[in-house]
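S.K.: Sharing coords-v2.cif here; it has mmCIF, C-alpha atoms.
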```cif
data_my_file
#
loop_
_atom_site.label_atom_id
_atom_site.label_comp_id
_atom_site.auth_asym_id
_atom_site.auth_seq_id
_atom_site.Cartn_x
_atom_site.Cartn_y
_atom_site.Cartn_z
CA MET A 15 80.73 165.77 -99.57
CA ASN A 16 83.92 167.72 -98.84
CA THR A 17 82.90 171.10 -100.27
CA VAL A 18 86.34 172.69 -99.80
CA ILE A 19 88.10 169.93 -101.72
CA ASP A 20 85.44 170.04 -104.46
CA PHE A 21 85.90 173.80 -104.82
CA TYR A 22 89.67 173.56 -105.13
CA LYS A 23 89.58 170.61 -107.53
CA SER A 24 87.53 172.70 -109.94
CA GLN A 25 89.45 175.96 -109.47
CA LEU A 26 92.91 174.37 -109.69
CA ALA A 27 92.05 172.33 -112.79
CA GLU A 28 90.94 175.51 -114.56
CA LYS A 29 94.25 177.17 -113.72
CA GLY A 30 96.55 174.41 -114.94
CA PHE A 31 97.16 172.35 -111.79
CA VAL A 32 97.02 168.56 -111.86
CA PRO A 33 97.11 166.02 -108.99
CA ALA A 34 100.66 165.18 -107.87
CA LEU A 35 100.10 161.76 -106.39
CA ASP A 36 103.80 160.90 -106.10
CA ASN A 37 104.84 164.08 -104.26
CA TYR A 38 105.75 163.55 -100.61
CA SER A 39 107.20 166.95 -99.76
CA TYR A 40 104.29 167.93 -97.53
CA CYS A 41 102.23 166.42 -94.72
CA SER A 42 100.76 163.09 -95.83
CA VAL A 43 97.20 163.86 -94.68
CA GLY A 44 96.77 166.54 -97.36
CA THR A 45 96.46 166.55 -101.14
CA THR A 46 99.07 168.00 -103.51
CA TRP A 47 98.63 169.49 -106.99
CA GLN A 48 101.40 170.41 -109.44
CA LEU A 49 101.38 173.35 -111.83
CA SER A 50 101.68 172.38 -115.49
CA ASN A 51 105.22 172.70 -116.86
CA GLU A 52 103.83 174.76 -119.74
CA LEU A 53 102.66 177.44 -117.30
CA GLY A 54 105.37 177.31 -114.66
CA GLY A 55 106.34 174.94 -111.87
CA GLY A 56 105.80 174.04 -108.25
CA TYR A 57 103.03 172.79 -106.01
CA PHE A 58 99.82 173.59 -104.14
CA TRP A 59 99.07 171.55 -101.00
CA LEU A 60 95.71 171.38 -99.23
CA PHE A 61 94.30 169.77 -96.11
CA SER A 62 90.63 170.29 -95.33
CA VAL A 63 88.02 169.06 -92.88
CA LYS A 64 84.58 168.85 -94.51
CA ASP A 65 83.08 172.33 -94.73
CA LEU A 66 84.83 173.58 -91.55
CA TYR A 67 88.33 174.73 -92.47
CA SER A 68 91.33 174.15 -94.70
CA ILE A 69 95.10 174.53 -94.52
CA LYS A 70 96.94 175.45 -97.72
CA ILE A 71 100.54 175.84 -98.85
CA HIS A 72 101.54 177.63 -102.07
CA ASP A 73 104.97 177.01 -103.56
CA PHE A 74 104.83 177.65 -107.32
CA TYR A 75 105.72 180.20 -110.01
CA PHE A 76 104.59 181.18 -113.51
CA HIS A 77 106.69 181.59 -116.66
CA ASN A 78 104.69 184.71 -117.59
CA ASP A 79 102.83 187.45 -115.73
CA THR A 80 99.49 185.82 -114.89
CA ILE A 81 96.13 187.18 -113.75
CA MET A 82 94.26 184.72 -111.54
CA GLU A 83 90.64 185.10 -110.49
CA PHE A 84 88.82 183.03 -107.87
CA SER A 85 85.16 183.09 -106.93
CA TRP A 86 86.02 182.39 -103.33
CA PRO A 87 83.52 180.65 -101.01
CA GLU A 88 82.52 182.46 -97.83
CA CYS A 89 85.43 182.15 -95.43
CA LEU A 90 87.89 183.92 -93.15
CA SER A 91 91.38 183.57 -94.62
CA ILE A 92 94.76 184.46 -93.14
CA SER A 93 98.14 183.79 -94.77
CA GLN A 94 101.84 184.43 -94.34
CA TYR A 95 103.79 185.27 -97.52
CA ASP A 96 107.47 184.32 -97.50
CA SER A 97 107.90 185.13 -101.19
CA VAL A 98 105.61 186.88 -103.67
CA SER A 99 105.62 189.52 -106.39
CA GLY A 100 102.28 190.81 -107.57
CA GLU A 101 99.23 192.94 -106.90
CA GLU A 102 95.65 192.36 -105.86
CA LEU A 103 93.44 194.08 -108.42
CA ALA A 104 90.05 194.62 -106.76
CA PRO A 105 90.85 196.79 -104.89
CA TYR A 106 94.45 197.41 -105.93
CA ARG A 107 97.04 196.47 -103.31
CA ARG A 108 100.64 195.32 -103.71
CA LEU A 109 101.48 191.94 -102.21
CA GLU A 110 104.56 192.03 -100.01
CA ALA A 111 106.90 189.23 -98.95
CA GLY A 112 107.03 188.88 -95.18
CA CYS A 113 103.48 190.10 -94.61
CA VAL A 114 100.53 188.46 -92.90
CA LYS A 115 97.40 189.02 -94.98
CA SER A 116 93.73 188.43 -94.26
CA PHE A 117 90.88 188.08 -96.74
CA LEU A 118 87.12 187.69 -96.32
CA GLY A 119 85.85 185.38 -99.03
CA GLY A 120 82.39 185.06 -100.46
CA TYR A 121 81.63 188.71 -101.18
CA LYS A 122 83.30 189.33 -104.53
CA PRO A 123 85.74 187.56 -106.86
CA TYR A 124 89.38 187.63 -105.79
CA LYS A 125 91.58 188.90 -108.64
CA VAL A 126 95.38 189.02 -108.48
CA LEU A 127 98.28 189.65 -110.88
CA ILE A 128 101.27 187.39 -110.23
CA HIS A 129 104.60 188.42 -111.77
CA LYS A 130 106.63 185.87 -113.68
CA ASN A 131 109.45 183.71 -112.29
CA ILE A 132 109.03 184.86 -108.69
CA PRO A 133 107.83 181.99 -106.46
CA ILE A 134 104.61 182.38 -104.49
CA ARG A 135 105.49 180.81 -101.16
CA SER A 136 102.78 181.13 -98.56
CA THR A 137 100.97 179.21 -95.85
CA GLY A 138 97.35 179.95 -95.02
CA ILE A 139 94.29 178.94 -93.04
CA GLU A 140 90.73 179.29 -94.33
CA ILE A 141 87.85 179.02 -91.88
CA MET A 142 84.32 178.44 -93.11
CA PRO A 143 81.02 179.72 -91.60
CA ALA A 144 80.15 176.19 -90.42
CA TYR A 145 83.09 176.55 -88.03
CA TYR A 146 83.29 180.22 -87.05
CA GLU A 147 79.51 180.74 -86.83
CA ASP A 148 77.82 177.40 -86.15
CA TYR A 149 80.47 175.40 -84.27
CA LEU A 150 81.95 178.22 -82.16
CA LYS A 151 78.51 179.63 -81.34
CA CYS A 152 77.45 176.19 -80.14
CA GLN A 153 80.62 175.72 -78.08
CA TYR A 154 80.57 179.19 -76.49
CA PRO A 155 76.94 180.37 -76.54
CA ASP A 156 77.31 182.88 -73.71
CA VAL A 157 80.46 184.65 -74.93
CA TYR A 158 80.43 184.10 -78.69
CA ALA A 159 81.18 187.03 -80.97
CA SER A 160 81.87 186.62 -84.69
CA PRO A 161 85.59 186.94 -85.49
CA GLN A 162 84.80 188.49 -88.91
CA LYS A 163 85.65 192.06 -87.90
CA ALA A 164 88.90 190.94 -86.32
CA PHE A 165 90.01 189.12 -89.49
CA ASP A 166 88.96 192.04 -91.67
CA ALA A 167 91.00 194.43 -89.50
CA VAL A 168 94.27 192.56 -90.13
CA GLY A 169 94.33 193.49 -93.82
CA GLN A 170 97.99 193.28 -94.74
CA THR A 171 100.51 193.81 -91.97
CA MET A 172 104.15 193.23 -91.07
CA ASP A 173 103.26 193.50 -87.37
CA PHE A 174 101.77 190.11 -86.48
CA PRO A 175 104.74 187.98 -85.35
CA LYS A 176 102.66 185.47 -83.39
CA MET A 177 100.63 184.62 -86.51
CA SER A 178 103.82 184.35 -88.57
CA GLN A 179 105.17 181.90 -86.02
CA LEU A 180 101.96 179.84 -86.00
CA LEU A 181 101.85 179.58 -89.80
CA LYS A 182 105.52 178.56 -89.92
CA GLN A 183 104.70 175.71 -87.53
CA VAL A 184 101.82 174.72 -89.82
CA HIS A 185 104.12 174.81 -92.87
CA ASP A 186 106.79 172.64 -91.22
CA TYR A 187 104.48 170.05 -89.66
CA ARG A 188 104.77 166.46 -90.94
CA GLY A 189 102.57 164.38 -88.62
CA GLU A 190 100.22 161.56 -89.62
CA GLY A 191 96.77 160.21 -88.87
CA ILE A 192 94.75 161.50 -85.92
CA ALA A 193 97.78 163.39 -84.59
CA ALA A 194 97.78 165.53 -87.75
CA ASP A 195 94.01 166.06 -87.54
CA LEU A 196 94.31 167.26 -83.94
CA PHE A 197 97.34 169.44 -84.71
CA TYR A 198 95.58 171.32 -87.52
CA GLU A 199 92.34 171.61 -85.54
CA GLY A 200 94.32 173.20 -82.71
CA LYS A 201 96.08 175.63 -85.04
CA VAL A 202 92.77 176.78 -86.53
CA ALA A 203 91.42 177.58 -83.06
CA GLU A 204 94.71 179.27 -82.14
CA ALA A 205 94.63 181.38 -85.32
CA ILE A 206 91.18 182.68 -84.43
CA ALA A 207 92.26 183.45 -80.87
CA LEU A 208 95.42 185.27 -82.03
CA THR A 209 93.45 187.33 -84.56
CA ILE A 210 90.90 188.40 -81.96
CA GLU A 211 93.73 189.32 -79.56
CA TRP A 212 95.59 191.19 -82.31
CA ASN A 213 92.52 193.23 -83.18
CA LYS A 214 91.86 194.04 -79.52
CA ARG A 215 95.47 195.13 -79.06
CA ASN A 216 95.31 197.27 -82.20
CA LEU A 217 92.16 199.02 -81.01
CA GLU A 218 93.86 199.73 -77.70
CA LYS A 219 96.97 200.89 -79.56
CA LYS A 220 94.92 203.43 -81.48
CA LYS A 221 93.72 204.90 -78.18
CA ILE A 222 97.31 205.03 -76.93
CA ILE A 223 98.51 206.67 -80.15
CA HIS A 224 96.16 209.57 -79.51
CA ARG A 225 97.99 210.15 -76.22
CA LEU A 226 101.50 209.97 -77.68
CA SER A 227 103.21 212.80 -79.48
CA GLU A 228 103.71 212.61 -83.23
CA GLN A 229 107.48 212.50 -82.71
CA ASP A 230 107.25 209.62 -80.20
CA ILE A 231 105.12 207.60 -82.63
CA LYS A 232 107.61 208.24 -85.42
CA GLU A 233 110.51 207.06 -83.23
CA LEU A 234 108.58 203.96 -82.11
CA GLU A 235 107.87 203.01 -85.72
CA THR A 236 111.58 203.42 -86.51
CA ILE A 237 112.52 201.19 -83.57
CA THR A 238 109.92 198.59 -84.59
CA LEU A 239 111.21 198.41 -88.17
CA PHE A 240 114.80 198.16 -86.86
CA LEU A 241 113.85 195.25 -84.57
CA ASN A 242 112.02 193.49 -87.41
CA ASP A 243 115.17 193.63 -89.54
CA HIS A 244 117.78 192.90 -86.83
CA TYR A 245 116.02 190.73 -84.23
CA ALA A 246 118.53 187.88 -84.74
CA GLN A 247 121.46 190.13 -83.78
CA ASP A 248 122.63 191.24 -80.35
CA ILE A 249 120.57 194.38 -79.79
CA THR A 250 121.28 196.48 -76.70
CA LEU A 251 118.95 198.93 -75.01
CA GLU A 252 121.68 201.54 -75.28
CA SER A 253 121.76 201.23 -79.08
CA LEU A 254 117.97 201.56 -79.25
CA THR A 255 117.97 204.73 -77.13
CA LYS A 256 120.47 206.25 -79.55
CA ILE A 257 118.28 205.36 -82.52
CA ALA A 258 115.14 206.70 -80.84
CA TYR A 259 116.75 209.84 -79.35
CA MET A 260 115.12 209.22 -75.96
CA GLY A 261 116.01 207.90 -72.52
CA ALA A 262 115.83 204.22 -71.65
CA THR A 263 112.96 204.56 -69.17
CA LYS A 264 110.77 206.51 -71.57
CA LEU A 265 111.54 204.16 -74.48
CA GLN A 266 110.70 201.07 -72.45
CA THR A 267 107.49 202.63 -71.11
CA ILE A 268 106.01 203.86 -74.39
CA PHE A 269 107.19 200.77 -76.30
CA LYS A 270 105.19 198.56 -73.89
CA GLN A 271 102.19 200.87 -74.23
CA TYR A 272 102.43 200.79 -78.02
CA HIS A 273 103.07 197.05 -78.51
CA ASP A 274 101.58 195.60 -75.31
CA CYS A 275 104.87 193.81 -74.61
CA THR A 276 108.42 194.65 -73.60
CA ILE A 277 111.23 195.11 -76.13
CA THR A 278 112.68 191.75 -75.10
CA GLN A 279 109.32 190.00 -75.50
CA TYR A 280 108.86 191.60 -78.93
CA ILE A 281 112.25 190.29 -80.08
CA GLN A 282 111.47 186.81 -78.74
CA GLN A 283 108.12 186.77 -80.58
#
```
Represent the structure from my file as structure tokens, please.

M.R.:
Amino acid sequence: MNTVIDFYKSQLAEKGFVPALDNYSYCSVGTTWQLSNELGGGYFWLFSVKDLYSIKIHDFYFHNDTIMEFSWPECLSISQYDSVSGEELAPYRRLEAGCVKSFLGGYKPYKVLIHKNIPIRSTGIEIMPAYYEDYLKCQYPDVYASPQKAFDAVGQTMDFPKMSQLLKQVHDYRGEGIAADLFYEGKVAEAIALTIEWNKRNLEKKKIIHRLSEQDIKELETITLFLNDHYAQDITLESLTKIAYMGATKLQTIFKQYHDCTITQYIQQ
């Protein structure tokens, strides 16, 4: 029995989604559902492997503000939101377009308010205990450590470009057969690795922050936001030093300490 598929069949049917057997907009190895025209429009795509993991793509909207509640199975979830307007309700947190968001399922119902006429466009990976506890522990018995804390630490962040890139690759993939199975299996493993690395880097960053002045941290955050908004443009080191009010050597040094990469590497990511 494919427990992930069974869960979604039930949950989606309750919320007005019906199978879209003639939709070929997504990878052929998955299953697509369409939101009822009475409620809104758009699609939900899912690929899952038994009780190990699933890949999901949201691309739908509602005609009216809608509260959705899911009794999520135990899982580690991470998603990239390209478009969204709404709030999580327990606890309250605004959903933001452009963010990477993690969620630990299985502990309490997930409740969210979605605002009308704004598409929910997101790509996500859900990893079940049979994979991140049983399978990984069997594969790496001497070095295994549960990735739960790492996923929980992500929360909702704009500062996870490697995960954004991975989930974009997942969204755009259109392979078939065993090639698709292997591609998604690889991306699940990569997502876990990136999350563990991100959490480790963040813990190290917190130690570094204690050693930086409040003003330096403020200027680094300004530079980071500027790069996030203008990475596709021709950005010079000279322009960044003017924004940060500090010399080039100092900016390059503390930027690498803060982000664990150079300015050029950050832009490339």

S.K.: Which is closest to Ile249 of chain A among A:Ser116, A:Gln266, A:Ser99, A:Thr278, if we use all atoms listed in the file?

M.R.: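 Distance minimum relative to Ile249 of chain A lands on A:Thr278.
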
S.K.: Of the candidates A:Val157, A:Leu241, A:Ile19, A:Val126, which one gets nearest to Val63 of chain A if we count only C-alpha atoms?

M.R.: A:Ile19

S.K.: By how many Å are atom CA of Glu52 of chain A and atom CA of Ile71 of chain A apart?

M.R.: 21.2 Å

S.K.: Which residue, A:Ser50, A:Gln279, A:Thr45, A:Gln183, has the smallest gap to Val32 of chain A when you use only C-alpha atoms?

M.R.: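 Using only C-alpha atoms, the shortest distance to Val32 of chain A belongs to A:Ser50.
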
S.K.: As an exercise, work out the distance from atom CA of Ile281 of chain A to atom CA of Glu110 of chain A in Å and give it to one decimal place.

M.R.: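 Here the two named atoms are 21.4 Å from each other.
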
S.K.: Please determine, counting all atoms listed in the file, which residue among A:Asn78, A:Ser62, A:Asn242, A:Thr276 has the shortest atom-to-atom distance to Glu199 of chain A.

M.R.: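 Residue with the minimum atom-to-atom distance to Glu199 of chain A: A:Ser62.
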
S.K.: Nearest residue to Tyr40 of chain A out of A:Ala262, A:Ile69, A:Ala246, A:Ala104, using all atoms listed in the file?

M.R.: A:Ile69

S.K.: Edge lengths and centre in Å to one decimal, as JSON, is what I'm after for the box along x, y and z that holds all listed atoms of segment 177-196 of chain A once 6 Å is added on each side.

M.R.:
```
{"center_x": 100.4, "center_y": 172.4, "center_z": -88.4, "size_x": 24.8, "size_y": 36.4, "size_z": 20.9}
```

S.K.: Counting all atoms listed in the file, which residues have an atom no more than 12 Å from (82.4, 173.3, -84.4) in the file's coordinates? Please list them as a ChimeraX atom specification.

M.R.: /A:63-67,141-155,199,202-203

S.K.: Could those selected residues go to a file with C-alpha atoms, as a short mmCIF file (atom, residue, chain, number, x, y, z; two decimals), in the frame of the given file?

M.R.:
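Generated file (out.cif):
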```cif
data_model
loop_
_atom_site.label_atom_id
_atom_site.label_comp_id
_atom_site.auth_asym_id
_atom_site.auth_seq_id
_atom_site.Cartn_x
_atom_site.Cartn_y
_atom_site.Cartn_z
CA VAL A 63 88.02 169.06 -92.88
CA LYS A 64 84.58 168.85 -94.51
CA ASP A 65 83.08 172.33 -94.73
CA LEU A 66 84.83 173.58 -91.55
CA TYR A 67 88.33 174.73 -92.47
CA ILE A 141 87.85 179.02 -91.88
CA MET A 142 84.32 178.44 -93.11
CA PRO A 143 81.02 179.72 -91.60
CA ALA A 144 80.15 176.19 -90.42
CA TYR A 145 83.09 176.55 -88.03
CA TYR A 146 83.29 180.22 -87.05
CA GLU A 147 79.51 180.74 -86.83
CA ASP A 148 77.82 177.40 -86.15
CA TYR A 149 80.47 175.40 -84.27
CA LEU A 150 81.95 178.22 -82.16
CA LYS A 151 78.51 179.63 -81.34
CA CYS A 152 77.45 176.19 -80.14
CA GLN A 153 80.62 175.72 -78.08
CA TYR A 154 80.57 179.19 -76.49
CA PRO A 155 76.94 180.37 -76.54
CA GLU A 199 92.34 171.61 -85.54
CA VAL A 202 92.77 176.78 -86.53
CA ALA A 203 91.42 177.58 -83.06
#
```

S.K.: When distances are computed from only C-alpha atoms, which of A:Lys232, A:Lys270, A:Lys29, A:Arg188 shows the smallest separation from Lys219 of chain A?

M.R.: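 Ranking A:Lys232, A:Lys270, A:Lys29, A:Arg188 by distance to Lys219 of chain A, first place goes to A:Lys270.
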
S.K.: Return as JSON, numbers by chain the set of residues that the PyMOL selection byres ((chain A and resi 165) around 12) yields on the displayed structure.

M.R.: {"A": [89, 90, 91, 92, 93, 114, 115, 116, 117, 118, 119, 139, 140, 141, 146, 160, 161, 162, 163, 164, 166, 167, 168, 169, 170, 171, 177, 205, 206, 207, 208, 209, 210, 211, 212, 213, 214]}

S.K.: Enter the distance from atom CA of Asp186 of chain A to atom CA of Lys201 of chain A, in Å, rounded to one decimal.

M.R.: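 Separating atom CA of Asp186 of chain A from atom CA of Lys201 of chain A is a distance of 12.7 Å.
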
S.K.: Write out as a PyMOL selection string each polymer residue whose atoms come within 12 Å of Gln25 of chain A, counting all atoms listed in the file; drop sequence neighbours fewer than 2 positions from it.

M.R.: chain A and resi 18-23+27-32+47+58+82-87

S.K.: Would you kindly identify which residues have an atom no farther than 12 Å from (108.1, 198.4, -74.0), using all atoms listed in the file and the file's own coordinates, and write them out as a list of chain:residue names?

M.R.: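 Those residues lying close to the given coordinates are A:Leu234, A:Ile237, A:Thr238, A:Leu251, A:Leu254, A:Ala262, A:Thr263, A:Lys264, A:Leu265, A:Gln266, A:Thr267, A:Ile268, A:Phe269, A:Lys270, A:Gln271, A:Tyr272, A:His273, A:Asp274, A:Cys275, A:Thr276, A:Ile277, A:Thr278, A:Gln279, A:Tyr280, A:Ile281.
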
S.K.: Hey, what comes out of the PyMOL selection byres ((chain A and resi 127-130) around 6) on this file? Could you write it as a short mmCIF file (atom, residue, chain, number, x, y, z; two decimals) with C-alpha atoms, in the frame of the given file?

M.R.:
```cif
data_model
loop_
_atom_site.label_atom_id
_atom_site.label_comp_id
_atom_site.auth_asym_id
_atom_site.auth_seq_id
_atom_site.Cartn_x
_atom_site.Cartn_y
_atom_site.Cartn_z
CA PHE A 76 104.59 181.18 -113.51
CA HIS A 77 106.69 181.59 -116.66
CA ASN A 78 104.69 184.71 -117.59
CA ASP A 79 102.83 187.45 -115.73
CA THR A 80 99.49 185.82 -114.89
CA ILE A 81 96.13 187.18 -113.75
CA SER A 99 105.62 189.52 -106.39
CA GLY A 100 102.28 190.81 -107.57
CA GLU A 101 99.23 192.94 -106.90
CA VAL A 126 95.38 189.02 -108.48
CA ASN A 131 109.45 183.71 -112.29
CA ILE A 132 109.03 184.86 -108.69
#
```

S.K.: Just the residues within 8 Å of segment 42-44 of chain A, please, counting only C-alpha atoms, with nothing from its chain fewer than 6 positions along; format it as a list in words.

M.R.: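 Residues meeting the cut-off are Trp59, Leu60, Phe61, Ser62, Arg188, Gly189, Glu190, Gly191 and Ala194 of chain A.
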
S.K.: Can you tell me, as number ranges by chain, what residues are no more than 9 Å from Ile257 of chain A when counting all atoms listed in the file, ignoring any on the same chain fewer than 3 positions away?

M.R.: A: 233, 236-237, 252-254, 260

S.K.: Mind dumping the selected residues with C-alpha atoms as a JSON list (two decimals), keeping the file's coordinate frame?

M.R.:
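Heads up, here's the output in result_10.json:
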```
[["chain", "number", "residue", "atom", "x", "y", "z"],
["A", 233, "GLU", "CA", 110.51, 207.06, -83.23],
["A", 236, "THR", "CA", 111.58, 203.42, -86.51],
["A", 237, "ILE", "CA", 112.52, 201.19, -83.57],
["A", 252, "GLU", "CA", 121.68, 201.54, -75.28],
["A", 253, "SER", "CA", 121.76, 201.23, -79.08],
["A", 254, "LEU", "CA", 117.97, 201.56, -79.25],
["A", 260, "MET", "CA", 115.12, 209.22, -75.96]]
```
